[in-house]
Every structure is written in structure tokens, then in C-alpha cells.
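Chemist: Handing over run28.cif, mmCIF, C-alpha atoms (C1' of nucleotides).
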data_start
loop_
_atom_site.label_atom_id
_atom_site.label_comp_id
_atom_site.auth_asym_id
_atom_site.auth_seq_id
_atom_site.Cartn_x
_atom_site.Cartn_y
_atom_site.Cartn_z
CA MET E 1 -0.96 -16.28 -60.16
CA PRO E 2 -3.53 -16.35 -57.33
CA ALA E 3 -5.57 -13.36 -56.35
CA MET E 4 -3.38 -10.70 -54.86
CA ALA E 5 -3.35 -10.45 -51.11
CA THR E 6 -2.11 -6.90 -51.35
CA PRO E 7 -2.92 -4.45 -54.14
CA THR E 8 -0.14 -3.60 -56.56
CA THR E 9 -0.76 0.07 -56.09
CA THR E 10 -0.95 0.81 -52.41
CA PRO E 11 -2.96 3.96 -51.76
CA GLU E 12 -0.71 5.13 -48.91
CA LYS E 13 1.95 2.98 -47.36
CA ILE E 14 3.81 5.82 -45.75
CA ARG E 15 3.15 6.01 -42.02
CA HIS E 16 2.90 9.24 -40.09
CA PRO E 17 2.04 9.64 -36.41
CA ALA E 18 -1.17 11.48 -35.62
CA THR E 19 -0.63 15.00 -34.36
CA GLU E 20 -1.64 14.05 -30.81
CA ALA E 21 0.83 11.16 -30.88
CA ILE E 22 3.87 13.30 -31.57
CA ASP E 23 6.23 12.89 -28.62
CA LEU E 24 8.36 15.78 -27.45
CA ALA E 25 11.38 13.74 -26.35
CA THR E 26 11.34 11.92 -29.69
CA VAL E 27 11.15 15.19 -31.60
CA MET E 28 14.00 16.64 -29.55
CA ARG E 29 16.20 13.60 -30.05
CA THR E 30 15.43 13.55 -33.76
CA LEU E 31 16.28 17.23 -34.18
CA GLY E 32 19.41 16.84 -32.09
CA ASP E 33 21.24 15.67 -35.18
CA PRO E 34 22.83 18.46 -37.25
CA VAL E 35 21.84 16.83 -40.54
CA ARG E 36 18.19 16.58 -39.58
CA LEU E 37 18.11 20.05 -38.05
CA GLU E 38 19.42 21.36 -41.34
CA ILE E 39 16.74 19.52 -43.29
CA VAL E 40 14.06 21.13 -41.14
CA ARG E 41 15.59 24.54 -41.75
CA LEU E 42 15.58 23.95 -45.48
CA LEU E 43 11.93 22.99 -45.33
CA ALA E 44 11.02 25.93 -43.12
CA ASP E 45 10.20 28.14 -46.12
CA GLY E 46 7.15 25.97 -46.68
CA ARG E 47 8.23 24.72 -50.09
CA PRO E 48 8.16 20.91 -50.27
CA ARG E 49 11.26 19.13 -51.55
CA VAL E 50 11.82 15.71 -53.01
CA CYS E 51 14.13 13.26 -51.30
CA GLY E 52 16.96 13.46 -53.80
CA GLU E 53 16.89 17.23 -53.70
CA LEU E 54 17.52 17.21 -49.96
CA SER E 55 20.20 14.51 -50.14
CA THR E 56 22.05 16.43 -52.84
CA ALA E 57 21.75 19.72 -50.97
CA LEU E 58 23.43 18.14 -47.96
CA GLY E 59 25.96 16.09 -49.91
CA LEU E 60 24.61 12.78 -48.67
CA PRO E 61 24.24 9.49 -50.52
CA ALA E 62 20.64 8.60 -51.21
CA SER E 63 20.49 5.85 -48.64
CA THR E 64 21.70 8.11 -45.86
CA GLY E 65 19.31 10.86 -46.84
CA SER E 66 16.45 8.41 -46.93
CA TYR E 67 17.37 7.20 -43.46
CA HIS E 68 17.25 10.68 -41.94
CA LEU E 69 14.01 11.48 -43.73
CA ARG E 70 12.45 8.34 -42.34
CA LEU E 71 13.37 9.35 -38.79
CA LEU E 72 11.96 12.84 -39.32
CA ARG E 73 8.75 11.41 -40.72
CA GLU E 74 8.36 8.82 -37.96
CA ALA E 75 8.93 11.49 -35.33
CA GLY E 76 6.11 13.51 -36.86
CA VAL E 77 8.30 16.38 -37.98
CA THR E 78 7.79 15.98 -41.72
CA ARG E 79 5.18 14.60 -44.07
CA SER E 80 5.95 12.56 -47.19
CA ARG E 81 3.55 12.41 -50.08
CA ALA E 82 4.07 9.89 -52.83
CA GLU E 83 3.91 11.44 -56.27
CA GLY E 84 4.81 8.93 -58.90
CA THR E 85 8.27 7.72 -58.11
CA LEU E 86 9.00 10.83 -56.09
CA ARG E 87 8.42 11.63 -52.44
CA ARG E 88 7.46 15.17 -51.74
CA ILE E 89 8.62 16.11 -48.25
CA SER E 90 7.18 18.99 -46.27
CA LEU E 91 7.42 20.30 -42.73
CA ARG E 92 4.39 19.58 -40.54
CA ARG E 93 4.45 23.15 -39.33
CA ASP E 94 0.79 23.45 -38.35
CA ASP E 95 0.73 20.12 -36.56
CA LEU E 96 3.90 20.94 -34.66
CA GLU E 97 2.58 24.39 -33.80
CA GLN E 98 -0.59 22.86 -32.45
CA ARG E 99 1.23 20.25 -30.39
CA PHE E 100 4.22 22.30 -29.24
CA PRO E 101 3.52 26.00 -29.77
CA GLY E 102 6.65 27.98 -30.49
CA LEU E 103 8.92 25.03 -31.21
CA VAL E 104 9.31 25.60 -34.95
CA ASP E 105 10.12 29.26 -34.32
CA VAL E 106 12.90 28.22 -31.99
CA LEU E 107 14.35 25.92 -34.64
CA THR E 108 14.23 28.45 -37.44
CA ARG E 109 15.42 31.50 -35.53
CA MET N 1 56.15 18.48 -0.35
CA PRO N 2 57.00 21.00 -3.07
CA ALA N 3 54.95 24.09 -3.73
CA MET N 4 51.59 23.13 -5.10
CA ALA N 5 51.11 23.49 -8.82
CA THR N 6 47.37 23.57 -8.32
CA PRO N 7 45.61 24.86 -5.24
CA THR N 8 44.00 22.28 -2.98
CA THR N 9 40.79 24.22 -2.96
CA THR N 10 39.87 25.01 -6.52
CA PRO N 11 37.64 28.08 -6.70
CA GLU N 12 35.53 26.66 -9.52
CA LYS N 13 36.42 23.55 -11.40
CA ILE N 14 32.98 23.05 -12.83
CA ARG N 15 32.86 24.07 -16.48
CA HIS N 16 29.86 25.69 -18.11
CA PRO N 17 29.59 26.94 -21.69
CA ALA N 18 29.12 30.66 -22.12
CA THR N 19 25.62 31.65 -23.10
CA GLU N 20 26.67 32.51 -26.66
CA ALA N 21 28.36 29.12 -26.99
CA ILE N 22 25.24 27.09 -26.27
CA ASP N 23 24.50 25.03 -29.38
CA LEU N 24 20.94 24.28 -30.40
CA ALA N 25 21.56 20.82 -31.85
CA THR N 26 23.45 19.86 -28.69
CA VAL N 27 20.64 21.14 -26.48
CA MET N 28 18.07 19.27 -28.55
CA ARG N 29 20.00 16.03 -28.47
CA THR N 30 20.59 16.38 -24.73
CA LEU N 31 16.91 16.98 -24.03
CA GLY N 32 15.91 14.13 -26.32
CA ASP N 33 16.46 11.73 -23.44
CA PRO N 34 13.39 11.19 -21.21
CA VAL N 35 15.49 11.18 -18.05
CA ARG N 36 17.09 14.52 -18.84
CA LEU N 37 13.85 16.06 -20.03
CA GLU N 38 12.31 15.09 -16.71
CA ILE N 39 15.19 16.67 -14.80
CA VAL N 40 14.63 19.93 -16.65
CA ARG N 41 10.94 19.81 -15.83
CA LEU N 42 11.70 19.26 -12.17
CA LEU N 43 14.02 22.26 -12.21
CA ALA N 44 11.55 24.42 -14.09
CA ASP N 45 10.02 25.76 -10.87
CA GLY N 46 13.24 27.68 -10.32
CA ARG N 47 14.18 25.91 -7.10
CA PRO N 48 17.72 24.49 -7.25
CA ARG N 49 18.20 20.85 -6.32
CA VAL N 50 21.19 18.87 -5.19
CA CYS N 51 22.43 15.96 -7.23
CA GLY N 52 21.28 13.21 -4.89
CA GLU N 53 17.85 14.76 -4.66
CA LEU N 54 17.39 14.48 -8.41
CA SER N 55 18.83 10.96 -8.62
CA THR N 56 16.50 9.79 -5.87
CA ALA N 57 13.49 11.51 -7.42
CA LEU N 58 14.11 9.61 -10.64
CA GLY N 59 15.10 6.31 -9.03
CA LEU N 60 18.60 6.39 -10.47
CA PRO N 61 21.87 5.28 -8.90
CA ALA N 62 24.15 8.20 -8.09
CA SER N 63 26.56 7.47 -10.91
CA THR N 64 23.84 7.48 -13.53
CA GLY N 65 22.32 10.65 -12.16
CA SER N 66 25.71 12.33 -12.14
CA TYR N 67 26.24 11.29 -15.76
CA HIS N 68 23.01 12.89 -16.93
CA LEU N 69 23.65 16.03 -14.92
CA ARG N 70 27.07 16.35 -16.49
CA LEU N 71 25.57 16.21 -19.98
CA LEU N 72 22.95 18.81 -19.07
CA ARG N 73 25.61 21.08 -17.63
CA GLU N 74 27.97 20.68 -20.58
CA ALA N 75 25.14 21.41 -22.99
CA GLY N 76 24.49 24.65 -21.13
CA VAL N 77 21.06 23.65 -19.88
CA THR N 78 21.84 23.63 -16.16
CA ARG N 79 24.26 25.29 -13.80
CA SER N 80 26.04 23.53 -10.94
CA ARG N 81 27.28 25.45 -7.94
CA ALA N 82 29.57 23.77 -5.45
CA GLU N 83 28.41 24.24 -1.89
CA GLY N 84 30.50 22.24 0.49
CA THR N 85 30.23 18.64 -0.58
CA LEU N 86 26.97 19.34 -2.38
CA ARG N 87 26.26 20.49 -5.92
CA ARG N 88 23.34 22.77 -6.26
CA ILE N 89 21.80 22.39 -9.71
CA SER N 90 19.61 24.98 -11.35
CA LEU N 91 18.09 25.58 -14.76
CA ARG N 92 19.82 28.28 -16.82
CA ARG N 93 16.45 29.69 -17.73
CA ASP N 94 17.52 33.26 -18.46
CA ASP N 95 20.52 32.18 -20.54
CA LEU N 96 18.40 29.76 -22.53
CA GLU N 97 15.71 32.37 -23.00
CA GLN N 98 18.28 34.82 -24.30
CA ARG N 99 19.82 32.32 -26.69
CA PHE N 100 16.68 30.45 -27.81
CA PRO N 101 13.60 32.49 -26.92
CA GLY N 102 10.62 30.31 -26.20
CA LEU N 103 12.46 27.03 -25.87
CA VAL N 104 12.02 26.57 -22.13
CA ASP N 105 8.31 27.30 -22.47
CA VAL N 106 8.02 24.54 -25.04
CA LEU N 107 9.73 22.10 -22.69
CA THR N 108 7.62 22.92 -19.69
CA ARG N 109 4.22 23.02 -21.37
"C1'" DT X 1 7.55 -5.42 -71.89
"C1'" DC X 2 11.77 -3.17 -71.31
"C1'" DT X 3 14.46 0.64 -69.41
"C1'" DG X 4 15.73 4.32 -66.53
"C1'" DT X 5 15.11 7.00 -62.43
"C1'" DA X 6 13.74 7.83 -57.59
"C1'" DT X 7 13.58 5.87 -53.43
"C1'" DT X 8 13.77 2.47 -50.00
"C1'" DT X 9 15.51 -1.59 -47.74
"C1'" DC X 10 19.20 -4.68 -46.44
"C1'" DC X 11 23.26 -5.31 -44.19
"C1'" DA X 12 27.61 -4.70 -42.02
"C1'" DA X 13 30.76 -1.90 -40.05
"C1'" DG X 14 32.08 1.72 -36.73
"C1'" DA X 15 30.69 5.30 -33.52
"C1'" DT X 16 28.27 7.04 -29.72
"C1'" DC X 17 25.35 6.53 -25.76
"C1'" DA X 18 23.23 4.77 -21.28
"C1'" DT X 19 23.71 2.00 -17.27
"C1'" DG X 20 25.52 0.98 -12.77
"C1'" DG X 21 28.96 -1.12 -9.57
"C1'" DA X 22 33.46 -0.09 -7.68
"C1'" DA X 23 36.93 3.04 -6.73
"C1'" DT X 24 38.22 7.71 -5.94
"C1'" DC X 25 37.84 12.44 -4.61
"C1'" DT X 26 36.34 16.28 -1.72
"C1'" DT X 27 34.72 18.48 2.19
"C1'" DA X 28 32.49 18.83 6.90
"C1'" DG X 29 32.67 17.63 11.31
"C1'" DA X 30 34.15 14.90 15.37
"C1'" DT Y 1 43.74 12.95 11.87
"C1'" DC Y 2 39.86 10.02 11.13
"C1'" DT Y 3 35.43 9.21 9.42
"C1'" DA Y 4 31.24 9.69 6.91
"C1'" DA Y 5 28.55 11.61 3.23
"C1'" DG Y 6 27.93 13.65 -1.37
"C1'" DA Y 7 29.49 13.48 -5.74
"C1'" DT Y 8 32.36 12.28 -9.60
"C1'" DT Y 9 35.24 9.24 -12.26
"C1'" DC Y 10 36.57 4.76 -14.01
"C1'" DC Y 11 35.38 0.95 -16.49
"C1'" DA Y 12 32.95 -2.73 -18.75
"C1'" DT Y 13 28.68 -4.09 -20.89
"C1'" DG Y 14 24.90 -3.80 -23.84
"C1'" DA Y 15 22.05 -0.89 -26.61
"C1'" DT Y 16 21.18 2.35 -30.10
"C1'" DC Y 17 22.61 5.25 -33.88
"C1'" DT Y 18 24.93 6.66 -38.26
"C1'" DT Y 19 26.95 5.64 -42.50
"C1'" DG Y 20 26.92 4.04 -47.22
"C1'" DG Y 21 27.37 0.41 -50.78
"C1'" DA Y 22 24.56 -3.10 -52.82
"C1'" DA Y 23 20.28 -5.04 -53.75
"C1'" DA Y 24 15.46 -4.55 -54.10
"C1'" DT Y 25 11.21 -1.91 -55.11
"C1'" DA Y 26 8.04 1.26 -57.47
"C1'" DC Y 27 6.65 3.80 -61.07
"C1'" DA Y 28 6.75 6.43 -65.68
"C1'" DG Y 29 7.57 6.40 -70.29
"C1'" DA Y 30 9.11 4.42 -74.67
#
Starting from the file, give its structure as C-alpha cells.
Modeler:
Amino acid sequence: MPAMATPTTTPEKIRHPATEAIDLATVMRTLGDPVRLEIVRLLADGRPRVCGELSTALGLPASTGSYHLRLLREAGVTRSRAEGTLRRISLRRDDLEQRFPGLVDVLTR
Amino acid sequence: MPAMATPTTTPEKIRHPATEAIDLATVMRTLGDPVRLEIVRLLADGRPRVCGELSTALGLPASTGSYHLRLLREAGVTRSRAEGTLRRISLRRDDLEQRFPGLVDVLTR
DNA sequence: TCTGTATTTCCAAGATCATGGAATCTTAGA
DNA sequence: TCTAAGATTCCATGATCTTGGAAATACAGA
């Protein structure tokens, strides 16, 4: 085998938008889905969850859960941290508060 | 002609959800469209606009503008008052504030 | 290296949405 | 009654979204 073009262990392949790049219309559209709004409410207590935990809690197959979590992450609503084979998902509360003050409060009553 | 089953001049045929019936996910999804978000921002100064005024301001054909305004109205974001052949559109700021305190502020900076 | 688990990606439906021209409706005014 | 203007509805088209099974990927542990 030739020298690897890409390392076997990628440090961080998960993409997140920078706080300043979070777009309001995108966030609104993303949270306009009941499944994703529910995920945000589950995460609102500040405790990170793994992907499967959220999928199970909502009664979704893994692929569907993963799809919604990708949209949330790409919109800048959540952060995913790789931890072994798990993905620990958390709400980007501080970033959202900085960019759109008051928004998270509206979502979580 | 037989007696009319419905009056020729309907007092109010335009439907709006009651304040308590406004759904957050629906509002979020509705405002997740750049066109509709822009309409809300135009209306945020409190001055009502007529349909054509908004369509023109956004460079939309009348039918497209009417479509977006219908979604905003049905979501409970705007109110339409018939005035002759015109429809005067306004933001339901107080109702939204009562139902989702802080939301309108988030939308309008 | 082999196996199992967590997660993502691929892919193909089906559903929903956005657009805009044409037709229709409604009302004001001549 | 006739006409014109404002607005909505109808309808077809294309785009985007959601779903979930199957396959692929990534990693930990035996």
C-alpha cells in the first residue's frame, strides 16, 4: 500500500458552522420540524446525549435520527463530539445566545 | 334566483388561528423561508401594508406574494383585514409576544 | 485479526413546498 | 351594468425534504 493520502484517524471530520455563520432563516427552517424541535428540547437541560439515545427516545430508526442530527449540526444548533464510536450531541446554547439572544428561551418555554 | 344560502358580502371570510392555537413548530417552519422572514421584517415597524405593496417590494408576482401571505396568516404570524378590494396586512406582534415572549425581538434584531 | 456496536452514507420512494401564468373572484366607481 | 384593479385560486412544474432499509464505515475489545 502507498503512503496514505488521508490519515486513518481523522482528528475531526465533523463540520460545524462558526458562530457568526449561523443563519437565522436556516435555524428557523431546521427547528420548524417537530422531530428536531423535540431533540432541541431534550438537549435543553445541558446534558449531552449520544445519537442512538436520541433516536430511541423519539422512536426513530438510526438512519432517520442521524439525518435529523446532521441537519441540526449543519444549521449550527447542535455540536457533535466524536468519542470512540459514539457521537456526543449537545446544544450550542452559548453560541445561539450570542448570535440570537433569547431564541433558545423561546424554544424551551 | 332562490334565497341565498350564503350572503353576497361575507363579513369576514379570512381565517386566522386564535392566539392560543398558534403552534411554535409551524411558526418556525413558516419563518424559515427567506421571503417570509423578509415580509415579517418589513411589517415589524407596525405599519400595515397591502398585498401588492409587499409583492412589489420583494419583486414577486402577485400570485407568489399571495401564497406566502396566506402561509403567514394561517400560521398566525400576520393578520389580514379586508378593506374594499385591498387586504391590509399587519404583524400580530402582541399575540406573538403573548404566546412566545421574545420571539419577534429575535426576528427583528 | 476478527467481531460487535454505533453511526453514517447510499439510495429510492413518497410527501411537501415554491413558483408563476392563467383564470376567477370581489369590490369600487363610472 | 360595465369596467378596471386588487387579490386569490387553480394548476402544472420543478425543487427540496423526509423516511427507512441496506450497505458501508469507524472504532473498541477479545
Chemist: The PyMOL selection byres ((chain X and resi 19) around 8) - which residues does that actually catch in the file I just gave you? List them as a list in words.
Modeler: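 Applied to this file, the PyMOL selection byres ((chain X and resi 19) around 8) selects Thr64 of chain N; DA18 and DG20 of chain X.
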Chemist: For the structure shown, which residues end up in the PyMOL selection byres ((chain E) within 12 of (chain Y))? Put them as a list in words, please?
Modeler: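 Here the PyMOL selection byres ((chain E) within 12 of (chain Y)) matches Thr8, Thr9, Thr10, Lys13, Arg29, Thr30, Asp33, Val35, Leu60, Pro61, Ala62, Ser63, Thr64, Gly65, Ser66, Tyr67, His68, Leu71, Ala82, Glu83, Gly84, Thr85, Leu86 and Arg87 of chain E.
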Chemist: Please report the interatomic distance between atom CA of Ile22 of chain N and atom CA of Cys51 of chain N in Å with one decimal.
Modeler: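 Taking atom CA of Ile22 of chain N and atom CA of Cys51 of chain N, their separation equals 22.2 Å.
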Chemist: Give me the least-squares superposed chain E (reference chain N; all C-alpha atoms paired in order) as a PDB file with C-alpha atoms, in the coordinates of the input.
Modeler:
ATOM      1  CA  MET E   1      56.069  17.958  -0.304  1.00  0.00           C
ATOM      2  CA  PRO E   2      56.945  20.535  -2.989  1.00  0.00           C
ATOM      3  CA  ALA E   3      54.917  23.632  -3.586  1.00  0.00           C
ATOM      4  CA  MET E   4      51.530  22.749  -4.943  1.00  0.00           C
ATOM      5  CA  ALA E   5      51.051  23.129  -8.651  1.00  0.00           C
ATOM      6  CA  THR E   6      47.320  23.316  -8.157  1.00  0.00           C
ATOM      7  CA  PRO E   7      45.553  24.760  -5.118  1.00  0.00           C
ATOM      8  CA  THR E   8      43.852  22.320  -2.782  1.00  0.00           C
ATOM      9  CA  THR E   9      40.683  24.324  -2.885  1.00  0.00           C
ATOM     10  CA  THR E  10      39.842  25.087  -6.468  1.00  0.00           C
ATOM     11  CA  PRO E  11      37.676  28.190  -6.723  1.00  0.00           C
ATOM     12  CA  GLU E  12      35.552  26.799  -9.571  1.00  0.00           C
ATOM     13  CA  LYS E  13      36.408  23.661 -11.447  1.00  0.00           C
ATOM     14  CA  ILE E  14      32.975  23.161 -12.889  1.00  0.00           C
ATOM     15  CA  ARG E  15      32.819  24.152 -16.547  1.00  0.00           C
ATOM     16  CA  HIS E  16      29.820  25.770 -18.161  1.00  0.00           C
ATOM     17  CA  PRO E  17      29.550  27.022 -21.740  1.00  0.00           C
ATOM     18  CA  ALA E  18      29.043  30.744 -22.190  1.00  0.00           C
ATOM     19  CA  THR E  19      25.515  31.688 -23.153  1.00  0.00           C
ATOM     20  CA  GLU E  20      26.554  32.554 -26.716  1.00  0.00           C
ATOM     21  CA  ALA E  21      28.268  29.175 -27.038  1.00  0.00           C
ATOM     22  CA  ILE E  22      25.170  27.130 -26.319  1.00  0.00           C
ATOM     23  CA  ASP E  23      24.451  25.046 -29.414  1.00  0.00           C
ATOM     24  CA  LEU E  24      20.896  24.279 -30.429  1.00  0.00           C
ATOM     25  CA  ALA E  25      21.541  20.813 -31.867  1.00  0.00           C
ATOM     26  CA  THR E  26      23.443  19.880 -28.707  1.00  0.00           C
ATOM     27  CA  VAL E  27      20.626  21.138 -26.502  1.00  0.00           C
ATOM     28  CA  MET E  28      18.064  19.234 -28.561  1.00  0.00           C
ATOM     29  CA  ARG E  29      20.046  16.011 -28.454  1.00  0.00           C
ATOM     30  CA  THR E  30      20.623  16.392 -24.728  1.00  0.00           C
ATOM     31  CA  LEU E  31      16.935  16.972 -24.023  1.00  0.00           C
ATOM     32  CA  GLY E  32      15.955  14.115 -26.302  1.00  0.00           C
ATOM     33  CA  ASP E  33      16.523  11.727 -23.431  1.00  0.00           C
ATOM     34  CA  PRO E  34      13.472  11.149 -21.204  1.00  0.00           C
ATOM     35  CA  VAL E  35      15.562  11.167 -18.027  1.00  0.00           C
ATOM     36  CA  ARG E  36      17.138  14.515 -18.812  1.00  0.00           C
ATOM     37  CA  LEU E  37      13.878  16.035 -20.016  1.00  0.00           C
ATOM     38  CA  GLU E  38      12.375  15.051 -16.695  1.00  0.00           C
ATOM     39  CA  ILE E  39      15.225  16.658 -14.780  1.00  0.00           C
ATOM     40  CA  VAL E  40      14.639  19.918 -16.632  1.00  0.00           C
ATOM     41  CA  ARG E  41      10.949  19.753 -15.798  1.00  0.00           C
ATOM     42  CA  LEU E  42      11.732  19.227 -12.141  1.00  0.00           C
ATOM     43  CA  LEU E  43      14.013  22.238 -12.184  1.00  0.00           C
ATOM     44  CA  ALA E  44      11.517  24.377 -14.068  1.00  0.00           C
ATOM     45  CA  ASP E  45       9.988  25.722 -10.842  1.00  0.00           C
ATOM     46  CA  GLY E  46      13.197  27.661 -10.320  1.00  0.00           C
ATOM     47  CA  ARG E  47      14.147  25.907  -7.099  1.00  0.00           C
ATOM     48  CA  PRO E  48      17.693  24.509  -7.260  1.00  0.00           C
ATOM     49  CA  ARG E  49      18.218  20.870  -6.312  1.00  0.00           C
ATOM     50  CA  VAL E  50      21.243  18.933  -5.198  1.00  0.00           C
ATOM     51  CA  CYS E  51      22.500  16.017  -7.242  1.00  0.00           C
ATOM     52  CA  GLY E  52      21.383  13.277  -4.887  1.00  0.00           C
ATOM     53  CA  GLU E  53      17.933  14.782  -4.642  1.00  0.00           C
ATOM     54  CA  LEU E  54      17.472  14.506  -8.397  1.00  0.00           C
ATOM     55  CA  SER E  55      18.937  10.996  -8.603  1.00  0.00           C
ATOM     56  CA  THR E  56      16.627   9.796  -5.842  1.00  0.00           C
ATOM     57  CA  ALA E  57      13.596  11.478  -7.389  1.00  0.00           C
ATOM     58  CA  LEU E  58      14.213   9.581 -10.614  1.00  0.00           C
ATOM     59  CA  GLY E  59      15.248   6.309  -8.993  1.00  0.00           C
ATOM     60  CA  LEU E  60      18.737   6.399 -10.454  1.00  0.00           C
ATOM     61  CA  PRO E  61      22.026   5.336  -8.892  1.00  0.00           C
ATOM     62  CA  ALA E  62      24.276   8.257  -8.096  1.00  0.00           C
ATOM     63  CA  SER E  63      26.703   7.565 -10.893  1.00  0.00           C
ATOM     64  CA  THR E  64      23.980   7.540 -13.517  1.00  0.00           C
ATOM     65  CA  GLY E  65      22.431  10.705 -12.168  1.00  0.00           C
ATOM     66  CA  SER E  66      25.795  12.402 -12.149  1.00  0.00           C
ATOM     67  CA  TYR E  67      26.335  11.384 -15.758  1.00  0.00           C
ATOM     68  CA  HIS E  68      23.081  12.943 -16.949  1.00  0.00           C
ATOM     69  CA  LEU E  69      23.706  16.083 -14.925  1.00  0.00           C
ATOM     70  CA  ARG E  70      27.110  16.443 -16.509  1.00  0.00           C
ATOM     71  CA  LEU E  71      25.602  16.275 -19.997  1.00  0.00           C
ATOM     72  CA  LEU E  72      22.966  18.856 -19.080  1.00  0.00           C
ATOM     73  CA  ARG E  73      25.607  21.153 -17.647  1.00  0.00           C
ATOM     74  CA  GLU E  74      27.968  20.758 -20.606  1.00  0.00           C
ATOM     75  CA  ALA E  75      25.124  21.467 -23.010  1.00  0.00           C
ATOM     76  CA  GLY E  76      24.447  24.705 -21.157  1.00  0.00           C
ATOM     77  CA  VAL E  77      21.032  23.684 -19.900  1.00  0.00           C
ATOM     78  CA  THR E  78      21.833  23.690 -16.189  1.00  0.00           C
ATOM     79  CA  ARG E  79      24.258  25.374 -13.839  1.00  0.00           C
ATOM     80  CA  SER E  80      26.037  23.630 -10.961  1.00  0.00           C
ATOM     81  CA  ARG E  81      27.282  25.543  -7.974  1.00  0.00           C
ATOM     82  CA  ALA E  82      29.575  23.877  -5.494  1.00  0.00           C
ATOM     83  CA  GLU E  83      28.428  24.326  -1.925  1.00  0.00           C
ATOM     84  CA  GLY E  84      30.558  22.324   0.417  1.00  0.00           C
ATOM     85  CA  THR E  85      30.288  18.743  -0.661  1.00  0.00           C
ATOM     86  CA  LEU E  86      27.016  19.420  -2.427  1.00  0.00           C
ATOM     87  CA  ARG E  87      26.273  20.563  -5.954  1.00  0.00           C
ATOM     88  CA  ARG E  88      23.339  22.851  -6.280  1.00  0.00           C
ATOM     89  CA  ILE E  89      21.807  22.430  -9.727  1.00  0.00           C
ATOM     90  CA  SER E  90      19.585  25.016 -11.360  1.00  0.00           C
ATOM     91  CA  LEU E  91      18.063  25.588 -14.775  1.00  0.00           C
ATOM     92  CA  ARG E  92      19.755  28.288 -16.858  1.00  0.00           C
ATOM     93  CA  ARG E  93      16.369  29.690 -17.742  1.00  0.00           C
ATOM     94  CA  ASP E  94      17.441  33.258 -18.496  1.00  0.00           C
ATOM     95  CA  ASP E  95      20.416  32.197 -20.574  1.00  0.00           C
ATOM     96  CA  LEU E  96      18.320  29.747 -22.557  1.00  0.00           C
ATOM     97  CA  GLU E  97      15.598  32.345 -23.031  1.00  0.00           C
ATOM     98  CA  GLN E  98      18.143  34.797 -24.345  1.00  0.00           C
ATOM     99  CA  ARG E  99      19.714  32.300 -26.725  1.00  0.00           C
ATOM    100  CA  PHE E 100      16.602  30.420 -27.841  1.00  0.00           C
ATOM    101  CA  PRO E 101      13.499  32.427 -26.943  1.00  0.00           C
ATOM    102  CA  GLY E 102      10.516  30.235 -26.213  1.00  0.00           C
ATOM    103  CA  LEU E 103      12.402  26.963 -25.884  1.00  0.00           C
ATOM    104  CA  VAL E 104      11.964  26.509 -22.133  1.00  0.00           C
ATOM    105  CA  ASP E 105       8.242  27.205 -22.472  1.00  0.00           C
ATOM    106  CA  VAL E 106       7.981  24.443 -25.030  1.00  0.00           C
ATOM    107  CA  LEU E 107       9.707  22.013 -22.678  1.00  0.00           C
ATOM    108  CA  THR E 108       7.601  22.851 -19.659  1.00  0.00           C
ATOM    109  CA  ARG E 109       4.214  23.073 -21.346  1.00  0.00           C
TER     110      ARG E 109
END
Chemist: Tell me which residues the PyMOL selection byres ((chain E) within 9 of (chain N)) grabs here, as a VMD selection string.
Modeler: chain E and resid 24 to 34 37 100 to 103 105 to 107 109
Chemist: Show me the residues around (24.7, 27.1, -15.5) - criterion: an atom at most 7 Å away, all atoms listed in the file counted - as a compact mmCIF listing (two decimals) with C-alpha atoms, in the frame of the given file.
Modeler:
# COMPACT_ATOMS: atom_id res chain seq x y z
CA HIS N 16 29.86 25.69 -18.11
CA ARG N 73 25.61 21.08 -17.63
CA GLY N 76 24.49 24.65 -21.13
CA VAL N 77 21.06 23.65 -19.88
CA THR N 78 21.84 23.63 -16.16
CA ARG N 79 24.26 25.29 -13.80
CA SER N 80 26.04 23.53 -10.94
CA SER N 90 19.61 24.98 -11.35
CA LEU N 91 18.09 25.58 -14.76
CA ARG N 92 19.82 28.28 -16.82
Chemist: Show me which bits of chain X are within 10 Å of chain E, counting all atoms listed in the file, as a list in words.
Modeler: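 Taken together, these residues fit the definition: DT5, DA6, DT7, DT8 and DT9 of chain X.
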Chemist: Any chance you can output those residues with C-alpha atoms (C1' of nucleotides) as a CSV table (one decimal), keeping the file's coordinate frame?
Modeler:
chain,number,residue,atom,x,y,z
X,5,DT,C1',15.1,7.0,-62.4
X,6,DA,C1',13.7,7.8,-57.6
X,7,DT,C1',13.6,5.9,-53.4
X,8,DT,C1',13.8,2.5,-50.0
X,9,DT,C1',15.5,-1.6,-47.7
Chemist: What separation in Å, quoted to one decimal, exists between atom CA of Gly59 of chain N and atom C1' of DT26 of chain X?
Modeler: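 Taking atom CA of Gly59 of chain N as the start and atom C1' of DT26 of chain X as the end point, the length is 24.6 Å.
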Chemist: Need to verify the contact set: Gly46 of chain E, 9 Å, all atoms listed in the file, exclusion of same-chain residues closer than 2 positions in sequence. Can you return it as JSON, numbers by chain?
Modeler: {"E": [42, 43, 44, 48, 90, 91, 93]}
Chemist: In Å, rounded to a single decimal, give me how far atom C1' of DC17 of chain X is from atom CA of Arg15 of chain E.
Modeler: 27.5 Å
